[in-house]
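As stored in coords37.tsv (TSV, C-alpha atoms and all ligand atoms):
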chain	number	residue	atom	x	y	z
A	1	MET	CA	13.95	-0.95	-25.85
A	2	PRO	CA	13.12	-2.17	-22.36
A	3	HIS	CA	10.23	-4.32	-23.46
A	4	HIS	CA	11.70	-7.56	-22.25
A	5	THR	CA	10.56	-7.42	-18.64
A	6	THR	CA	7.08	-6.46	-19.72
A	7	PHE	CA	7.00	-9.33	-22.11
A	8	LEU	CA	8.10	-11.85	-19.49
A	9	ALA	CA	5.65	-10.50	-16.92
A	10	LEU	CA	2.85	-10.85	-19.40
A	11	VAL	CA	3.96	-14.34	-20.34
A	12	ALA	CA	3.69	-15.27	-16.68
A	13	ALA	CA	0.23	-13.73	-16.48
A	14	GLY	CA	-0.77	-15.26	-19.79
A	15	ALA	CA	0.32	-18.74	-18.76
A	16	LEU	CA	-2.96	-19.13	-16.92
A	17	LEU	CA	-5.00	-18.46	-20.01
A	18	SER	CA	-6.67	-21.21	-21.85
A	19	PRO	CA	-5.55	-21.71	-25.43
A	20	ALA	CA	-9.12	-22.83	-26.12
A	21	ALA	CA	-10.26	-19.27	-25.62
A	22	ALA	CA	-7.78	-17.87	-28.12
A	23	PRO	CA	-8.94	-17.54	-31.69
A	24	ALA	CA	-7.58	-20.14	-34.06
A	25	GLY	CA	-4.21	-19.26	-35.50
A	26	GLN	CA	-3.21	-16.96	-32.69
A	27	GLY	CA	-1.88	-19.71	-30.47
A	28	ARG	CA	-0.48	-18.41	-27.24
A	29	ALA	CA	0.52	-15.04	-28.58
A	30	THR	CA	1.28	-12.84	-25.62
A	31	PRO	CA	-0.51	-9.53	-25.35
A	32	ALA	CA	2.07	-6.80	-24.83
A	33	THR	CA	-0.02	-3.73	-25.63
A	34	VAL	CA	-3.59	-2.70	-24.86
A	35	LYS	CA	-4.44	-3.32	-28.48
A	36	ASP	CA	-2.99	-6.83	-28.23
A	37	VAL	CA	-5.07	-7.53	-25.12
A	38	MET	CA	-8.16	-6.29	-26.94
A	39	THR	CA	-7.63	-8.23	-30.15
A	40	SER	CA	-6.30	-11.50	-28.70
A	41	MET	CA	-8.47	-11.75	-25.59
A	42	THR	CA	-11.12	-9.13	-24.86
A	43	ILE	CA	-12.74	-8.95	-28.28
A	44	PRO	CA	-12.98	-12.67	-29.18
A	45	ALA	CA	-14.03	-13.61	-25.64
A	46	SER	CA	-16.68	-10.90	-25.40
A	47	ASP	CA	-18.00	-11.86	-28.86
A	48	ARG	CA	-18.82	-15.27	-27.43
A	49	VAL	CA	-20.65	-13.71	-24.52
A	50	PHE	CA	-22.61	-11.34	-26.75
A	51	GLU	CA	-23.55	-14.23	-29.06
A	52	ALA	CA	-24.64	-16.32	-26.08
A	53	ALA	CA	-26.76	-13.42	-24.85
A	54	SER	CA	-29.02	-13.79	-27.87
A	55	GLU	CA	-28.63	-17.55	-28.16
A	56	PRO	CA	-27.79	-19.28	-24.86
A	57	PRO	CA	-25.77	-22.51	-24.97
A	58	LYS	CA	-27.75	-25.71	-25.30
A	59	THR	CA	-25.11	-28.28	-24.42
A	60	ASP	CA	-22.57	-28.78	-21.64
A	61	ASP	CA	-19.80	-28.36	-24.19
A	62	THR	CA	-20.98	-24.94	-25.34
A	63	TRP	CA	-21.47	-23.85	-21.72
A	64	ALA	CA	-17.88	-24.92	-21.10
A	65	VAL	CA	-16.66	-22.86	-24.06
A	66	LEU	CA	-18.58	-19.89	-22.73
A	67	ARG	CA	-17.06	-20.39	-19.32
A	68	LYS	CA	-13.56	-20.22	-20.82
A	69	ALA	CA	-14.57	-17.03	-22.59
A	70	VAL	CA	-15.72	-15.23	-19.44
A	71	GLU	CA	-12.60	-16.39	-17.63
A	72	THR	CA	-10.50	-14.98	-20.47
A	73	LEU	CA	-12.43	-11.72	-20.25
A	74	ALA	CA	-11.71	-11.40	-16.54
A	75	ALA	CA	-8.07	-12.21	-17.22
A	76	SER	CA	-7.92	-9.54	-19.91
A	77	GLY	CA	-9.28	-7.00	-17.43
A	78	ARG	CA	-6.64	-7.99	-14.91
A	79	LEU	CA	-3.92	-7.61	-17.57
A	80	LEU	CA	-5.17	-4.10	-18.31
A	81	THR	CA	-4.48	-3.11	-14.69
A	82	ARG	CA	-0.80	-3.94	-15.06
A	83	ALA	CA	1.47	-0.93	-14.73
A	84	GLU	CA	2.88	-1.48	-18.24
A	85	LEU	CA	-0.58	-1.23	-19.81
A	86	ALA	CA	-2.52	1.11	-17.52
A	87	ARG	CA	-2.90	4.59	-18.98
A	88	ASP	CA	-3.26	6.13	-15.53
A	89	LYS	CA	-3.58	4.99	-11.95
A	90	THR	CA	-7.14	6.13	-11.31
A	91	THR	CA	-9.99	6.02	-13.82
A	92	TRP	CA	-8.27	3.49	-16.05
A	93	MET	CA	-7.85	1.14	-13.11
A	94	GLU	CA	-11.51	1.51	-12.14
A	95	MET	CA	-12.60	0.78	-15.68
A	96	ALA	CA	-10.34	-2.22	-16.09
A	97	ARG	CA	-11.54	-3.57	-12.73
A	98	ALA	CA	-15.14	-3.00	-13.82
A	99	LEU	CA	-14.46	-5.35	-16.72
A	100	VAL	CA	-13.13	-7.95	-14.26
A	101	THR	CA	-16.14	-7.47	-11.97
A	102	GLU	CA	-18.69	-7.87	-14.77
A	103	ALA	CA	-16.82	-10.86	-16.21
A	104	ASP	CA	-16.86	-12.47	-12.77
A	105	LYS	CA	-20.59	-11.81	-12.51
A	106	ALA	CA	-21.05	-13.38	-15.94
A	107	LEU	CA	-19.03	-16.36	-14.71
A	108	LYS	CA	-21.58	-16.93	-11.95
A	109	VAL	CA	-24.38	-16.82	-14.52
A	110	VAL	CA	-22.51	-19.31	-16.69
A	111	GLN	CA	-21.75	-21.59	-13.75
A	112	ALA	CA	-25.46	-21.59	-12.92
A	113	LYS	CA	-26.23	-22.20	-16.62
A	114	ASN	CA	-28.75	-19.42	-16.33
A	115	GLY	CA	-29.48	-18.72	-19.99
A	116	ASP	CA	-32.11	-16.12	-19.13
A	117	ALA	CA	-29.57	-13.98	-17.26
A	118	LEU	CA	-27.04	-13.92	-20.11
A	119	ALA	CA	-28.63	-10.97	-21.90
A	120	GLN	CA	-28.34	-8.77	-18.81
A	121	ALA	CA	-24.79	-10.00	-18.18
A	122	GLY	CA	-23.92	-9.14	-21.79
A	123	ASP	CA	-25.40	-5.66	-21.45
A	124	ASP	CA	-23.56	-5.00	-18.19
A	125	LEU	CA	-20.36	-6.20	-19.75
A	126	TYR	CA	-20.82	-4.03	-22.80
A	127	MET	CA	-21.13	-0.95	-20.60
A	128	THR	CA	-17.63	-1.53	-19.27
A	129	CYS	CA	-16.24	-1.56	-22.83
A	130	GLU	CA	-18.13	1.59	-23.73
A	131	ASN	CA	-17.18	3.49	-20.58
A	132	CYS	CA	-13.48	2.89	-21.08
A	133	HIS	CA	-13.54	3.60	-24.80
A	134	ALA	CA	-15.53	6.81	-24.30
A	135	ARG	CA	-12.73	8.10	-22.17
A	136	TYR	CA	-9.61	6.59	-23.70
A	137	LEU	CA	-10.35	5.98	-27.36
A	138	GLU	CA	-11.46	9.43	-28.48
A	139	SER	CA	-8.28	11.03	-27.27
A	140	THR	CA	-5.86	11.56	-30.11
A	141	ALA	CA	-3.50	13.30	-27.72
A	142	PRO	CA	0.08	12.01	-27.40
A	143	ALA	CA	0.14	8.23	-27.21
A	144	ASP	CA	1.63	8.02	-23.73
A	145	PRO	CA	0.31	10.75	-21.45
A	146	PRO	CA	2.38	11.26	-18.31
A	147	ARG	CA	1.08	9.43	-15.25
B	1	LIG	C1	-9.84	-0.27	-19.37
B	1	LIG	C2	-10.13	0.20	-20.68
B	1	LIG	C3	-10.80	-0.68	-21.71
B	1	LIG	C4	-11.79	-1.61	-21.53
B	1	LIG	C5	-12.49	-2.01	-20.25
B	1	LIG	C6	-12.07	-2.14	-22.83
B	1	LIG	N1	-11.28	-1.57	-23.79
B	1	LIG	FE1	-11.29	-1.99	-25.77
B	1	LIG	N2	-9.78	-0.65	-26.05
B	1	LIG	C7	-9.20	0.13	-25.06
B	1	LIG	C8	-8.17	0.97	-25.65
B	1	LIG	C9	-7.29	1.97	-24.92
B	1	LIG	C10	-8.14	0.66	-27.02
B	1	LIG	C11	-7.21	1.25	-28.09
B	1	LIG	C12	-5.94	0.44	-28.11
B	1	LIG	C13	-4.93	1.01	-29.09
B	1	LIG	O1	-5.24	1.08	-30.29
B	1	LIG	O2	-3.86	1.37	-28.62
B	1	LIG	C14	-9.18	-0.35	-27.24
B	1	LIG	C15	-9.49	-0.90	-28.48
B	1	LIG	C16	-10.56	-1.73	-28.72
B	1	LIG	C17	-11.00	-2.14	-30.04
B	1	LIG	C18	-10.35	-1.72	-31.35
B	1	LIG	C19	-9.22	-2.71	-31.63
B	1	LIG	C20	-8.46	-2.39	-32.91
B	1	LIG	O3	-8.26	-3.31	-33.71
B	1	LIG	O4	-8.04	-1.23	-33.06
B	1	LIG	C21	-12.09	-2.93	-29.87
B	1	LIG	C22	-12.93	-3.60	-30.96
B	1	LIG	C23	-12.31	-3.06	-28.44
B	1	LIG	N3	-11.35	-2.31	-27.78
B	1	LIG	C24	-13.30	-3.84	-27.86
B	1	LIG	C25	-13.53	-3.91	-26.49
B	1	LIG	C26	-14.58	-4.69	-25.90
B	1	LIG	C27	-15.58	-5.55	-26.67
B	1	LIG	C28	-14.50	-4.50	-24.56
B	1	LIG	C29	-15.37	-5.02	-23.46
B	1	LIG	C30	-15.68	-6.43	-23.42
B	1	LIG	C31	-13.40	-3.57	-24.32
B	1	LIG	N4	-12.84	-3.25	-25.52
B	1	LIG	C32	-13.04	-3.11	-23.07
B	1	LIG	C33	-9.54	0.15	-23.74
B	1	LIG	C34	-10.49	-0.65	-23.13
Would you put the structure from the file into structure tokens?
Amino acid sequence: MPHHTTFLALVAAGALLSPAAAPAGQGRATPATVKDVMTSMTIPASDRVFEAASEPPKTDDTWAVLRKAVETLAASGRLLTRAELARDKTTWMEMARALVTEADKALKVVQAKNGDALAQAGDDLYMTCENCHARYLESTAPADPPR
């Protein structure tokens, strides 16, 4: 199976990721499928953002952890735009980029330590998850539709 190149490309992309943002026990596991990206990066990182939306960080350390999380989220969105993972070249790309855009906006909120703006950032972020899932999760059609 020609998965080797994909794997190496993702290792290169993943090298920029912070291990601090990965859940304990998963180390530097490299996401090679959309599901891997979701479970190793998108989900744990967005959980931190959603938690912070209801309870903003109180210390520099927890702001720093949150910053890693939004950076990981943006990185996960960029990974989803890779040819190996993208399900098509149009809507999928827009939706993956929307995740990057909202994560970058959340990064600005975090950099400004604007606790009051976290709830809105969390809501905006959540919309990008929902929009993509509404389109790509309900389909039980063949796993790899032609491009
Ligand atoms: C560009 C599209 C896209 C975006 C954006 C996206 N997802 Fe996903 N997500 C998927 C796809 C496709 C799957 C199904 C992967 C599979 O099972 O092959 C998935 C699966 C999941 C799952 C189920 C994982 C499992 O164990 O089966 C969760 C939970 C999830 N995503 C959370 C999120 C969250 C939270 C966000 C936003 C912060 C998000 N996703 C953003 C496409 C996306």
Protein and nucleic residues near ligand LIG 1 (chain B), 9 Å, only C-alpha atoms and all ligand atoms, as a PyMOL selection string:
chain A and resi 33-39+42-47+49+73+76-77+80-81+86-87+91-100+103+122+125-137+143
Check the smallest atom-to-atom distance from each of A:Leu79, A:Val65, A:Met41, A:Ala121 to Glu102 (chain A) using only C-alpha atoms, then report the winner.
A:Ala121
Give the answer as one residue: which of A:Thr72, A:Ser54, A:Thr101, A:Thr59 has the shortest atom-to-atom distance to Leu118 (chain A), using only C-alpha atoms?
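The closest residue to Leu118 (chain A) is A:Ser54.
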So how many Å separate CA of Arg67 (chain A) and CA of Leu107 (chain A), to one decimal?
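That distance, rounded to one decimal, is 6.4 Å.
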Length of the CA of Pro56 (chain A) to CA of Ser40 (chain A) vector [Å]
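Taking CA of Pro56 (chain A) and CA of Ser40 (chain A), their separation equals 23.2 Å.
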In Å, how far is it from CA of Ala75 (chain A) to CA of Trp63 (chain A)?
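For CA of Ala75 (chain A) relative to CA of Trp63 (chain A), the distance reads 18.3 Å.
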